[in-house]
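Chemist: Next comes target_35.csv, CSV, C-alpha atoms:
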chain,number,residue,atom,x,y,z
A,1,MET,CA,-5.1,-8.7,-45.3
A,2,ALA,CA,-7.6,-6.5,-43.4
A,3,THR,CA,-11.2,-7.1,-44.2
A,4,LYS,CA,-13.3,-4.0,-45.1
A,5,MET,CA,-16.1,-4.0,-42.6
A,6,LEU,CA,-19.2,-2.9,-44.7
A,7,PHE,CA,-21.5,-3.1,-41.7
A,8,GLN,CA,-19.7,-0.2,-40.1
A,9,LEU,CA,-20.5,1.9,-43.2
A,10,ASP,CA,-24.1,0.8,-43.6
A,11,SER,CA,-25.9,-1.2,-40.9
A,12,TYR,CA,-28.8,-1.8,-43.3
A,13,MET,CA,-26.8,-3.6,-46.0
A,14,LYS,CA,-28.5,-6.9,-46.5
A,15,GLU,CA,-26.4,-8.2,-49.4
A,16,PHE,CA,-23.0,-7.4,-50.9
A,17,GLU,CA,-20.4,-8.4,-53.4
A,18,ALA,CA,-16.8,-9.3,-52.6
A,19,LYS,CA,-13.7,-11.2,-53.7
A,20,LEU,CA,-12.4,-14.4,-52.1
A,21,VAL,CA,-9.0,-13.8,-50.5
A,22,LYS,CA,-8.3,-17.3,-49.3
A,23,VAL,CA,-10.0,-20.5,-48.2
A,24,GLU,CA,-8.8,-22.8,-45.4
A,25,GLY,CA,-11.1,-25.7,-45.0
A,26,LEU,CA,-14.4,-24.4,-43.9
A,27,ASN,CA,-13.0,-20.9,-43.3
A,28,ALA,CA,-13.5,-18.3,-46.1
A,29,TYR,CA,-11.8,-14.9,-46.1
A,30,LEU,CA,-13.2,-12.0,-48.2
A,31,ASP,CA,-11.8,-8.6,-49.1
A,32,GLN,CA,-14.9,-7.0,-47.7
A,33,THR,CA,-18.0,-8.2,-45.8
A,34,ALA,CA,-21.3,-7.1,-44.3
A,35,PHE,CA,-21.3,-10.0,-41.8
A,36,HIS,CA,-20.8,-8.7,-38.3
A,37,PRO,CA,-18.4,-11.0,-36.4
A,38,GLY,CA,-19.1,-12.3,-32.9
A,39,PRO,CA,-18.6,-11.7,-30.1
A,40,PHE,CA,-17.1,-8.4,-31.4
A,41,GLY,CA,-18.6,-5.5,-29.4
A,42,GLY,CA,-20.7,-7.9,-27.4
A,43,LEU,CA,-22.9,-8.9,-30.3
A,44,ALA,CA,-23.5,-12.4,-31.6
A,45,SER,CA,-22.3,-13.2,-35.1
A,46,ASP,CA,-24.4,-12.6,-38.1
A,47,THR,CA,-25.5,-15.6,-40.1
A,48,GLY,CA,-26.6,-16.0,-43.7
A,49,TYR,CA,-25.1,-17.4,-46.9
A,50,LEU,CA,-22.6,-16.9,-49.7
A,51,GLU,CA,-23.2,-17.5,-53.4
A,52,VAL,CA,-19.9,-18.9,-54.9
A,53,ASN,CA,-19.8,-20.1,-58.5
A,54,GLY,CA,-23.5,-20.5,-58.6
A,55,GLU,CA,-23.6,-22.5,-55.3
A,56,ARG,CA,-25.3,-21.3,-52.1
A,57,VAL,CA,-23.3,-22.1,-49.0
A,58,ASN,CA,-24.5,-21.2,-45.5
A,59,VAL,CA,-22.4,-19.0,-43.2
A,60,VAL,CA,-22.8,-20.4,-39.7
A,61,GLU,CA,-20.5,-17.9,-38.0
A,62,ALA,CA,-18.3,-14.9,-38.6
A,63,ARG,CA,-15.3,-14.3,-36.4
A,64,LEU,CA,-12.7,-11.5,-36.0
A,65,GLU,CA,-9.1,-12.6,-36.3
A,66,ASN,CA,-5.9,-10.5,-35.8
A,67,ASN,CA,-8.1,-7.5,-35.0
A,68,ASP,CA,-8.8,-6.7,-38.6
A,69,GLU,CA,-9.6,-10.0,-40.5
A,70,ILE,CA,-13.1,-11.5,-40.6
A,71,VAL,CA,-13.4,-15.3,-41.2
A,72,HIS,CA,-16.6,-16.7,-42.5
A,73,VAL,CA,-17.2,-20.2,-41.2
A,74,LEU,CA,-19.1,-22.2,-43.8
A,75,GLU,CA,-21.4,-25.1,-43.5
A,76,LYS,CA,-19.4,-27.0,-46.1
A,77,GLU,CA,-16.2,-26.6,-48.1
A,78,ILE,CA,-16.3,-24.7,-51.3
A,79,ASN,CA,-14.3,-25.3,-54.5
A,80,ALA,CA,-13.1,-21.8,-55.3
A,81,THR,CA,-9.8,-20.0,-55.8
A,82,PRO,CA,-8.6,-16.5,-54.6
A,83,GLY,CA,-10.0,-13.8,-56.7
A,84,THR,CA,-13.4,-15.5,-57.2
A,85,LYS,CA,-16.3,-13.1,-57.0
A,86,VAL,CA,-18.9,-14.0,-54.3
A,87,LYS,CA,-22.2,-12.5,-53.2
A,88,GLY,CA,-23.1,-12.4,-49.5
A,89,TYR,CA,-26.6,-12.4,-47.9
A,90,ILE,CA,-27.3,-11.5,-44.3
A,91,ASP,CA,-30.0,-13.1,-42.2
A,92,TRP,CA,-31.8,-9.8,-41.9
A,93,ASP,CA,-34.4,-10.7,-39.3
A,94,LYS,CA,-31.6,-11.7,-36.9
A,95,ARG,CA,-29.5,-8.7,-37.7
A,96,TYR,CA,-32.3,-6.1,-37.4
A,97,MET,CA,-33.3,-7.5,-34.0
A,98,MET,CA,-29.7,-7.2,-32.8
A,99,MET,CA,-29.5,-3.7,-34.2
A,100,LYS,CA,-32.6,-2.6,-32.1
A,101,LEU,CA,-31.2,-4.3,-29.0
A,102,HIS,CA,-27.8,-2.7,-29.5
A,103,THR,CA,-29.2,0.8,-29.8
A,104,ALA,CA,-31.4,0.1,-26.8
A,105,SER,CA,-28.4,-1.0,-24.8
A,106,HIS,CA,-26.7,2.3,-25.5
A,107,VAL,CA,-29.7,4.2,-24.3
A,108,LEU,CA,-29.9,2.1,-21.1
A,109,SER,CA,-26.1,2.4,-20.4
A,110,SER,CA,-26.3,6.2,-20.8
A,111,VAL,CA,-29.2,6.4,-18.4
A,112,MET,CA,-27.5,4.2,-15.8
A,113,TYR,CA,-24.2,6.1,-16.2
A,114,ASN,CA,-25.7,9.5,-15.9
A,115,LYS,CA,-28.0,8.6,-13.0
A,116,TYR,CA,-25.8,6.3,-11.0
A,117,GLY,CA,-22.3,6.5,-12.4
A,118,ALA,CA,-22.7,2.8,-13.3
A,119,LYS,CA,-20.4,1.4,-15.9
A,120,ILE,CA,-21.0,-1.8,-17.9
A,121,THR,CA,-18.9,-4.7,-16.6
A,122,GLY,CA,-20.1,-7.3,-19.2
A,123,GLY,CA,-22.9,-8.1,-21.6
A,124,HIS,CA,-24.1,-9.9,-24.7
A,125,ILE,CA,-26.6,-9.4,-27.5
A,126,ASP,CA,-28.2,-11.9,-29.8
A,127,SER,CA,-31.5,-12.1,-31.6
A,128,ASN,CA,-33.2,-13.7,-28.6
A,129,GLY,CA,-32.4,-10.8,-26.3
A,130,ALA,CA,-29.7,-9.0,-24.4
A,131,LYS,CA,-28.0,-9.0,-21.0
A,132,ASP,CA,-26.0,-6.3,-19.4
A,133,ASP,CA,-24.0,-6.3,-16.2
A,134,PHE,CA,-23.7,-3.0,-14.3
A,135,ASP,CA,-21.5,-1.9,-11.5
A,136,LEU,CA,-24.1,-0.7,-9.0
A,137,SER,CA,-22.0,-1.4,-5.9
A,138,LYS,CA,-22.7,2.1,-4.6
A,139,VAL,CA,-26.5,1.8,-5.0
A,140,LYS,CA,-28.5,0.3,-2.1
A,141,ASP,CA,-31.5,-0.8,-4.1
A,142,TRP,CA,-30.0,-1.9,-7.4
A,143,ARG,CA,-33.2,-3.7,-8.6
A,144,THR,CA,-35.2,-0.5,-8.3
A,145,ALA,CA,-32.4,1.4,-10.0
A,146,LEU,CA,-32.4,-0.9,-13.0
A,147,LYS,CA,-36.2,-0.8,-13.3
A,148,ASP,CA,-36.2,3.0,-13.1
A,149,GLY,CA,-33.4,3.0,-15.7
A,150,VAL,CA,-35.5,1.0,-18.1
A,151,ASN,CA,-38.5,3.2,-17.6
A,152,GLU,CA,-36.5,6.3,-18.3
A,153,SER,CA,-34.8,4.7,-21.3
A,154,ASN,CA,-38.2,3.9,-22.8
A,155,LYS,CA,-39.3,7.5,-22.5
A,156,LEU,CA,-36.1,8.5,-24.3
A,157,ILE,CA,-36.6,5.8,-27.0
A,158,SER,CA,-40.1,7.0,-27.7
A,159,SER,CA,-38.8,10.5,-28.5
A,160,CYS,CA,-37.6,9.2,-31.9
A,161,ALA,CA,-34.1,10.4,-31.6
A,162,GLU,CA,-31.8,10.2,-34.6
A,163,VAL,CA,-28.8,7.9,-34.4
A,164,LYS,CA,-25.7,9.2,-36.2
A,165,VAL,CA,-22.5,7.4,-37.0
A,166,TYR,CA,-19.2,9.2,-37.8
A,167,TYR,CA,-15.5,9.1,-37.1
A,168,LEU,CA,-13.4,11.4,-34.9
A,169,PRO,CA,-9.6,11.6,-34.3
A,170,ARG,CA,-8.6,9.7,-31.1
A,171,GLU,CA,-7.4,12.9,-29.5
A,172,GLU,CA,-10.7,14.6,-30.0
A,173,ALA,CA,-12.9,11.7,-29.1
A,174,ILE,CA,-11.3,10.9,-25.8
A,175,ARG,CA,-12.1,14.5,-24.6
A,176,ILE,CA,-15.8,13.7,-24.8
A,177,PRO,CA,-17.2,12.8,-21.3
A,178,GLY,CA,-18.4,9.2,-21.1
A,179,ILE,CA,-17.3,8.4,-24.6
A,180,VAL,CA,-16.5,4.9,-23.3
A,181,LYS,CA,-18.9,3.4,-20.7
A,182,LEU,CA,-17.2,0.0,-20.4
A,183,ALA,CA,-15.7,-0.4,-17.0
A,184,GLU,CA,-12.2,-1.6,-18.0
A,185,LYS,CA,-10.6,0.3,-20.9
A,186,PHE,CA,-10.8,2.4,-24.0
A,187,PRO,CA,-10.9,0.7,-27.4
A,188,PRO,CA,-7.6,-0.5,-28.9
A,189,ASN,CA,-5.0,2.1,-30.0
A,190,VAL,CA,-6.4,3.4,-33.2
A,191,ASP,CA,-6.1,6.8,-35.0
A,192,LYS,CA,-9.8,7.3,-35.3
A,193,PHE,CA,-12.8,6.3,-33.2
A,194,ARG,CA,-16.1,5.3,-34.8
A,195,ILE,CA,-18.7,7.3,-32.9
A,196,VAL,CA,-22.3,6.4,-32.4
A,197,GLU,CA,-24.4,9.4,-31.3
A,198,ILE,CA,-28.0,9.1,-30.2
A,199,VAL,CA,-28.8,12.7,-30.5
A,200,GLY,CA,-29.6,14.3,-27.2
A,201,ILE,CA,-29.2,11.0,-25.3
A,202,ASP,CA,-25.8,9.4,-25.7
A,203,ILE,CA,-22.5,9.4,-27.5
A,204,GLN,CA,-20.1,6.4,-27.5
A,205,ALA,CA,-17.2,4.9,-29.3
A,206,ASP,CA,-18.6,1.7,-30.9
A,207,GLY,CA,-18.0,-0.6,-33.8
A,208,GLY,CA,-21.3,-2.4,-34.3
A,209,PRO,CA,-24.5,-1.9,-36.3
A,210,HIS,CA,-27.4,0.3,-35.0
A,211,VAL,CA,-30.8,1.5,-36.1
A,212,LYS,CA,-31.1,5.0,-37.6
A,213,ASN,CA,-33.9,6.2,-35.2
A,214,THR,CA,-34.8,5.1,-31.6
A,215,CYS,CA,-38.5,4.7,-32.6
A,216,GLU,CA,-37.4,1.6,-34.6
A,217,ILE,CA,-36.6,0.0,-31.3
A,218,GLY,CA,-40.0,-0.2,-29.7
A,219,LYS,CA,-39.9,-0.7,-26.0
A,220,ILE,CA,-37.4,-2.4,-23.6
A,221,ASN,CA,-39.0,-5.2,-21.7
A,222,ILE,CA,-37.3,-6.7,-18.6
A,223,ILE,CA,-37.0,-10.5,-18.7
A,224,ASN,CA,-35.1,-11.0,-15.4
A,225,LEU,CA,-32.8,-9.3,-12.9
A,226,GLU,CA,-29.9,-11.2,-11.2
A,227,ASN,CA,-27.3,-10.5,-8.6
A,228,ARG,CA,-24.1,-11.9,-10.1
A,229,GLY,CA,-21.7,-10.4,-7.6
A,230,LYS,CA,-20.6,-7.1,-6.1
A,231,ASN,CA,-19.9,-5.4,-9.5
A,232,LYS,CA,-22.3,-7.4,-11.6
A,233,LYS,CA,-26.0,-6.6,-11.3
A,234,ARG,CA,-27.4,-8.3,-14.4
A,235,ILE,CA,-30.5,-7.3,-16.4
A,236,TYR,CA,-31.9,-9.6,-19.1
A,237,TYR,CA,-34.2,-7.8,-21.6
A,238,THR,CA,-35.7,-7.8,-25.1
A,239,VAL,CA,-37.4,-5.2,-27.2
A,240,LYS,CA,-40.9,-5.2,-28.7
A,241,GLY,CA,-42.6,-2.8,-31.1
How would this structure read if it were set down as structure tokens?
Modeler:
Amino acid sequence: MATKMLFQLDSYMKEFEAKLVKVEGLNAYLDQTAFHPGPFGGLASDTGYLEVNGERVNVVEARLENNDEIVHVLEKEINATPGTKVKGYIDWDKRYMMMKLHTASHVLSSVMYNKYGAKITGGHIDSNGAKDDFDLSKVKDWRTALKDGVNESNKLISSCAEVKVYYLPREEAIRIPGIVKLAEKFPPNVDKFRIVEIVGIDIQADGGPHVKNTCEIGKINIINLENRGKNKKRIYYTVKG
């Protein structure tokens, strides 16, 4: 049974109610969840805990299975049957940092795509920071390009742009230039695309949580730059208010 992904409807949801669908050892399946699974969309998994029959059980990881089911990996087994009501609580500090980094990555990818035609060839976000790989094979000084990209991104972030989330039919979405900035492919075949638009800056198909305004991000700070190969110029970064 498909899991209703509440984080796609409200990224700021810190707690939620759900029904237990099934339990397999340490794996719990719910009818709906605010836990973002990892590494779905390049983000690490949310963590937190569930309250089941008055007992608190930590969620150490959430994973996506079969493209539409989310499994909650628990710290210990629970004694509960399908249909049991549960409450879920997200580790908000971790989630909010990932939201800020995620929106920052969209701004940076937009700048790099518009200035250099550079698409993302890989990346990952967790609460400690982010890394993105760009195809800058046609750029002579890729280090300067990335530094300039961060500087321009920070100027755009400071403009306090609104971040909007909505859905468009696939046929309409794919006509938008740069709607997907990943180097390899469009999202899986679905009837509707979830669109994340940073007003005046970027518009992308995306399934993960974001902040509502770029001024929540703070400022992108470069941690390191690495040459990982012809099509992989990597930037490690974090954000600070």
Chemist: What lies within 7 Å of Lys76 (chain A) using all atoms listed in the file, ignoring chain neighbours under 2 positions off, as a list in words?
Modeler: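 So the residues in contact are Leu26, Val57, Leu74 and Ile78 of chain A.
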Chemist: Write the residues of the preceding selection, restricted to C-alpha atoms, as an mmCIF file, in the frame of the given file.
Modeler:
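Written out: selection05.cif:
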data_model
loop_
_atom_site.group_PDB
_atom_site.id
_atom_site.type_symbol
_atom_site.label_atom_id
_atom_site.label_comp_id
_atom_site.auth_asym_id
_atom_site.auth_seq_id
_atom_site.Cartn_x
_atom_site.Cartn_y
_atom_site.Cartn_z
ATOM 1 C CA LEU A 26 -14.400 -24.400 -43.900
ATOM 2 C CA VAL A 57 -23.300 -22.100 -49.000
ATOM 3 C CA LEU A 74 -19.100 -22.200 -43.800
ATOM 4 C CA ILE A 78 -16.300 -24.700 -51.300
#
Chemist: Quick one: residues within 8 Å of Lys232 (chain A), all atoms listed in the file counted, chain neighbours fewer than 6 positions away excluded, as a PyMOL selection string?
Modeler: chain A and resi 121-122+133-136
Chemist: For the residues in the current selection, export C-alpha atoms as a PDB file, keeping the file's coordinate frame.
Modeler:
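Written file, part39.pdb:
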ATOM      1  CA  THR A 121     -18.900  -4.700 -16.600  1.00  0.00           C
ATOM      2  CA  GLY A 122     -20.100  -7.300 -19.200  1.00  0.00           C
ATOM      3  CA  ASP A 133     -24.000  -6.300 -16.200  1.00  0.00           C
ATOM      4  CA  PHE A 134     -23.700  -3.000 -14.300  1.00  0.00           C
ATOM      5  CA  ASP A 135     -21.500  -1.900 -11.500  1.00  0.00           C
ATOM      6  CA  LEU A 136     -24.100  -0.700  -9.000  1.00  0.00           C
TER       7      LEU A 136
END
Chemist: Would you tabulate, counting only C-alpha atoms, all residues of region 72-114 of chain A that have an atom at most 7 Å from an atom of region 2-25 of chain A, showing the closest pair of atoms and their distance in Å to one decimal, sorted by chain then ascending number, as a tab-separated table?
Modeler:
residue	atom	partner	partner_atom	distance
A:Glu77	CA	A:Gly25	CA	6.0
A:Pro82	CA	A:Val21	CA	4.9
A:Gly83	CA	A:Leu20	CA	5.2
A:Thr84	CA	A:Leu20	CA	5.3
A:Lys85	CA	A:Lys19	CA	4.6
A:Val86	CA	A:Ala18	CA	5.4
A:Lys87	CA	A:Glu17	CA	4.5
A:Gly88	CA	A:Phe16	CA	5.2
A:Tyr89	CA	A:Glu15	CA	4.5
A:Ile90	CA	A:Lys14	CA	5.2
A:Trp92	CA	A:Lys14	CA	6.4
Chemist: Which residue out of A:Val190, A:Ile174, A:Ala104, A:Val163 has the minimum interatomic distance to Asn67 (chain A) when only C-alpha atoms are used?
Modeler: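 Of A:Val190, A:Ile174, A:Ala104, A:Val163, the one nearest Asn67 (chain A) is A:Val190, counting only C-alpha atoms.
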Chemist: Enumerate, as a list of chain:residue names, the protein, DNA and RNA residues whose atoms approach (-36.3, -10.9, -20.1) to within 7 Å, taking into account all atoms listed in the file and the coordinate frame of the file.
Modeler: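 The answer, in the requested form, is A:Asn221, A:Ile222, A:Ile223, A:Asn224, A:Tyr236, A:Tyr237, A:Thr238.
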Chemist: Could you please take those selected residues and save C-alpha atoms as a PDB file, keeping the file's coordinate frame?
Modeler:
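File written: out_25.pdb
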ATOM      1  CA  ASN A 221     -39.000  -5.200 -21.700  1.00  0.00           C
ATOM      2  CA  ILE A 222     -37.300  -6.700 -18.600  1.00  0.00           C
ATOM      3  CA  ILE A 223     -37.000 -10.500 -18.700  1.00  0.00           C
ATOM      4  CA  ASN A 224     -35.100 -11.000 -15.400  1.00  0.00           C
ATOM      5  CA  TYR A 236     -31.900  -9.600 -19.100  1.00  0.00           C
ATOM      6  CA  TYR A 237     -34.200  -7.800 -21.600  1.00  0.00           C
ATOM      7  CA  THR A 238     -35.700  -7.800 -25.100  1.00  0.00           C
TER       8      THR A 238
END
Chemist: As an exercise, work out the distance from CA of Gly218 (chain A) to CA of Ser153 (chain A) in Å and give it to one decimal place.
Modeler: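 CA of Ser153 (chain A) lies 11.0 Å from CA of Gly218 (chain A).
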Chemist: Report, in Å to a single decimal, how far apart CA of Ala118 (chain A) and CA of Glu216 (chain A) are.
Modeler: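 About the pair CA of Glu216 (chain A) and CA of Ala118 (chain A): they are 25.9 Å apart.
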Chemist: Please, what distance in Å, to one decimal, runs between CA of Ile195 (chain A) and CA of Ser110 (chain A)?
Modeler: 14.3 Å
Chemist: Quick one: residues within 10 Å of Gly41 (chain A), all atoms listed in the file counted, chain neighbours fewer than 5 positions away excluded, as an NGL selection string?
Modeler: :A and (36 or 102 or 123-125 or 206-209)
Chemist: Go ahead and save the picked residues with C-alpha atoms, as a short mmCIF file (atom, residue, chain, number, x, y, z; two decimals), in the frame of the given file.
Modeler:
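Saved as result27.cif:
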data_model
loop_
_atom_site.label_atom_id
_atom_site.label_comp_id
_atom_site.auth_asym_id
_atom_site.auth_seq_id
_atom_site.Cartn_x
_atom_site.Cartn_y
_atom_site.Cartn_z
CA HIS A 36 -20.80 -8.70 -38.30
CA HIS A 102 -27.80 -2.70 -29.50
CA GLY A 123 -22.90 -8.10 -21.60
CA HIS A 124 -24.10 -9.90 -24.70
CA ILE A 125 -26.60 -9.40 -27.50
CA ASP A 206 -18.60 1.70 -30.90
CA GLY A 207 -18.00 -0.60 -33.80
CA GLY A 208 -21.30 -2.40 -34.30
CA PRO A 209 -24.50 -1.90 -36.30
#
Chemist: Choose the residue, out of A:Ile157, A:Ala205, A:Val165, A:Val59, that has the smallest atom-to-atom separation from Ile179 (chain A); count all atoms listed in the file.
Modeler: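 For Ile179 (chain A), the nearest of the given residues is A:Ala205.
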Chemist: Need to verify the contact set: Gly178 (chain A), 9 Å, all atoms listed in the file, exclusion of same-chain residues closer than 6 positions in sequence. Can you return it as a list in words?
Modeler: Ser110, Tyr113, Asn114, Asp202, Ile203 and Gln204 of chain A
Chemist: Can you work out which one of A:Val52, A:Ala130, A:Val199, A:Leu64 has the shortest atom-to-atom distance to Lys100 (chain A), counting all atoms listed in the file?
Modeler: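 Going through A:Val52, A:Ala130, A:Val199, A:Leu64 one by one, the smallest distance to Lys100 (chain A) is for A:Ala130.
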Chemist: Could you tell me which of A:Met112, A:Ala161, A:Val196, A:Val71 comes closest to Val139 (chain A) if we count all atoms listed in the file?
Modeler: A:Met112
Chemist: Which residue is closest to Ile217 (chain A)? Choose from A:Leu101, A:Gly200, A:Lys115, A:Arg194 and count only C-alpha atoms.
Modeler: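 Checking each of A:Leu101, A:Gly200, A:Lys115, A:Arg194 against Ile217 (chain A), counting only C-alpha atoms, the winner is A:Leu101.
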Chemist: If we count only C-alpha atoms, what is near Asn128 (chain A) at a cut-off of 9 Å, once residues fewer than 4 positions away on the same chain are taken out, given as a ChimeraX atom specification?
Modeler: /A:94,97-98,238
